[in-house]
Amino acid sequence: MASPVELLSLSNPVFKSFTFWVGVLVIKMLLMSLLTAIQRFNTKTFANPEDLMSPKLKVKFDDPNVERVRRAHRNDLENILPFFAIGLLYVLTDPAAFLAINLFRAVGIARIVHTLVYAVVVVPQPSRALAFFVALGATVYMALQVIASAAF
Amino acid sequence: MASPVELLSLSNPVFKSFTFWVGVLVIKMLLMSLLTAIQRFNTKTFANPEDLMSPKLKVKFDDPNVERVRRAHRNDLENILPFFAIGLLYVLTDPAAFLAINLFRAVGIARIVHTLVYAVVVVPQPSRALAFFVALGATVYMALQVIASAAF
Amino acid sequence: MASPVELLSLSNPVFKSFTFWVGVLVIKMLLMSLLTAIQRFNTKTFANPEDLMSPKLKVKFDDPNVERVRRAHRNDLENILPFFAIGLLYVLTDPAAFLAINLFRAVGIARIVHTLVYAVVVVPQPSRALAFFVALGATVYMALQVIASAAF
């Protein structure tokens with residue numbers, strides 16, 4: 001088995017792929033805040049008194065467009081952040097490169113699709129469910145591999 | 001002090017224990033989504049128009065069973081995800097193995113108990129508070145050790 | 001380029017700075033739970049029947065003081081947790097120490113200010129927006145550097 005030195009080096013294609021997709025997904029997640037802000041300004045829906053742009057506005061919490069983006073964002077927190085943790089540990093188990101790289105790709109692409117069909121252009125189900133389960137399945141697989149490496 | 005090479009290797013029992021518990025807690029967290037989905041189908045509570053299974057249903061946001069699982073899930077995001085970050089850095093401070101392994105165990109078991117008494121079978125307080133504070137205390141201790149290692 | 005051994009050692013000032021700020025921000029995030037609890041007790045706002053301190057109380061979800069702290073806490077999850085992931089990978093790209101250390105400082109200080117002006121003493125805008133965008137900008141910069149290192 002390779003040592004952690006080699007595993008966490010960008011000359012390891014598995015780590016390189018992981019690094020790339022974490023970077024992309026971090027940017028994607030941070031864009032959700034801007035998407036929420038755009039919806040807040042478009043619908044004049046602000047959650048704090050100090051955010052109100054005009055004395056005529058009141059705080060509002062139930063705009064469906066704002067809430068949709070917030071649900072998509074929360075779903076990212078629930079799924080992408082655990083992937084960051086388990087993905088790094090999975091890299092350290094020295095997995096087969098072909099499989100690992102395609103798992104990272106699957107998570108990265110599925111979570112981008114999830115956002116697009118949830119919060120950008122609403123696409124009927126099961127598109128969102130499919131994107132959700134592809135990323136979930138890949139993450140669960142990595143977690144099981146990590147547990148197996150650590151338990152024996 | 002051992003080098004990062006040895007610290008992040010599965011032959012280091014501290015890292016091995018950390019890896020195991022991160023794997024278990026990632027699986028536990030991802031199961032919260034499925035628990036939420038089960039509650040949504042049981043109570044016919046869907047947050048998006050495109051999720052409604054029948055034209056007679058309307059979106060609903062206030063089912064107490066769904067919201068209870070969602071609160072437990074959010075509590076995981078607030079407590080387990082910071083543990084993943086600080087736990088890895090704590091491993092890199094080369095702590096005493098006995099203490100570190102038991103801290104990881106404490107967090108892992110306490111957070112599983114937290115979910116059970118919060119979202120699976122509701123157990124009266126202070127069971128949830130106790131589970132919460134065991135994990136919180138262990139995480140704060142690790143964070144203080146990490147800060148001490150980095151500050152001096 | 002330095003090897004991961006040296007990069008993840010506390011003798012690397014960049015990693016040392018990252019470690020310090022992760023520790024501080026983890027403590028800061030965990031304190032949000034206590035701040036929420038204080039607001040819950042002060043305003044007698046409890047979300048679960050088993051948490052009610054007196055049989056006269058009912059569950060309540062809309063207290064503005066509790067909700068303000070919860071919004072600040074959620075904003076931490078959305079911004080600080082992705083920073084933990086990308087910050088570690090950024091350290092592994094072996095960045096210039098002066099720049100990297102000041103980026104970590106900027107994120108750390110900006111997120112503490114964000115909490116103070118949002119959830120402790122409400123300060124009029126644009127104070128919160130400024131704190132938010134300083135941390136966001138630094139995190140996006142790190143993510144772009146990480147993607148660039150991994151893509152080429």
# chains A, B, ... in the order shown; residues from 1 in each chain; ligands from 1
>>> interface_residues(of="chain B", to="chain C", cutoff="7 Å", atoms="only C-alpha atoms", output="PyMOL selection string")
chain B and resi 3-5+78+82+85-86+89+124-125+140+143-144+146-147+150-151
>>> decode(residues="stretch 55-74 of chain C", atoms="N, CA and C atoms", output="compact mmCIF listing (two decimals), in the first residue's frame")
# COMPACT_ATOMS: atom_id res chain seq x y z
N PRO C 55 -46.03 22.21 32.10
CA PRO C 55 -47.17 21.70 31.34
C PRO C 55 -48.00 22.82 30.72
N LYS C 56 -47.74 24.05 31.15
CA LYS C 56 -48.51 25.18 30.55
C LYS C 56 -47.95 25.60 29.21
N LEU C 57 -46.70 25.25 28.93
CA LEU C 57 -46.07 25.70 27.68
C LEU C 57 -46.50 24.84 26.50
N LYS C 58 -46.42 25.43 25.31
CA LYS C 58 -46.63 24.68 24.07
C LYS C 58 -45.41 24.85 23.17
N VAL C 59 -45.22 23.91 22.23
CA VAL C 59 -44.10 24.07 21.30
C VAL C 59 -44.32 25.34 20.49
N LYS C 60 -43.21 25.99 20.14
CA LYS C 60 -43.26 27.29 19.46
C LYS C 60 -42.11 27.35 18.47
N PHE C 61 -42.34 27.88 17.29
CA PHE C 61 -41.29 27.85 16.26
C PHE C 61 -40.94 29.23 15.72
N ASP C 62 -41.60 30.26 16.21
CA ASP C 62 -41.47 31.54 15.50
C ASP C 62 -40.94 32.68 16.36
N ASP C 63 -40.21 32.37 17.41
CA ASP C 63 -39.67 33.48 18.18
C ASP C 63 -38.55 34.16 17.38
N PRO C 64 -38.61 35.48 17.19
CA PRO C 64 -37.61 36.12 16.33
C PRO C 64 -36.19 36.05 16.89
N ASN C 65 -36.03 36.03 18.22
CA ASN C 65 -34.67 35.97 18.79
C ASN C 65 -34.04 34.60 18.56
N VAL C 66 -34.84 33.55 18.76
CA VAL C 66 -34.35 32.20 18.51
C VAL C 66 -34.04 32.02 17.02
N GLU C 67 -34.96 32.46 16.19
CA GLU C 67 -34.78 32.26 14.75
C GLU C 67 -33.58 33.02 14.20
N ARG C 68 -33.30 34.19 14.77
CA ARG C 68 -32.13 34.95 14.34
C ARG C 68 -30.84 34.16 14.61
N VAL C 69 -30.72 33.59 15.80
CA VAL C 69 -29.51 32.81 16.10
C VAL C 69 -29.44 31.58 15.18
N ARG C 70 -30.60 30.98 14.93
CA ARG C 70 -30.59 29.80 14.06
C ARG C 70 -30.20 30.15 12.63
N ARG C 71 -30.61 31.32 12.16
CA ARG C 71 -30.18 31.74 10.82
C ARG C 71 -28.68 31.98 10.78
N ALA C 72 -28.15 32.60 11.83
CA ALA C 72 -26.70 32.83 11.89
C ALA C 72 -25.95 31.50 11.91
N HIS C 73 -26.49 30.55 12.67
CA HIS C 73 -25.86 29.23 12.77
C HIS C 73 -25.89 28.52 11.42
N ARG C 74 -27.03 28.56 10.76
CA ARG C 74 -27.13 27.93 9.44
C ARG C 74 -26.17 28.58 8.46
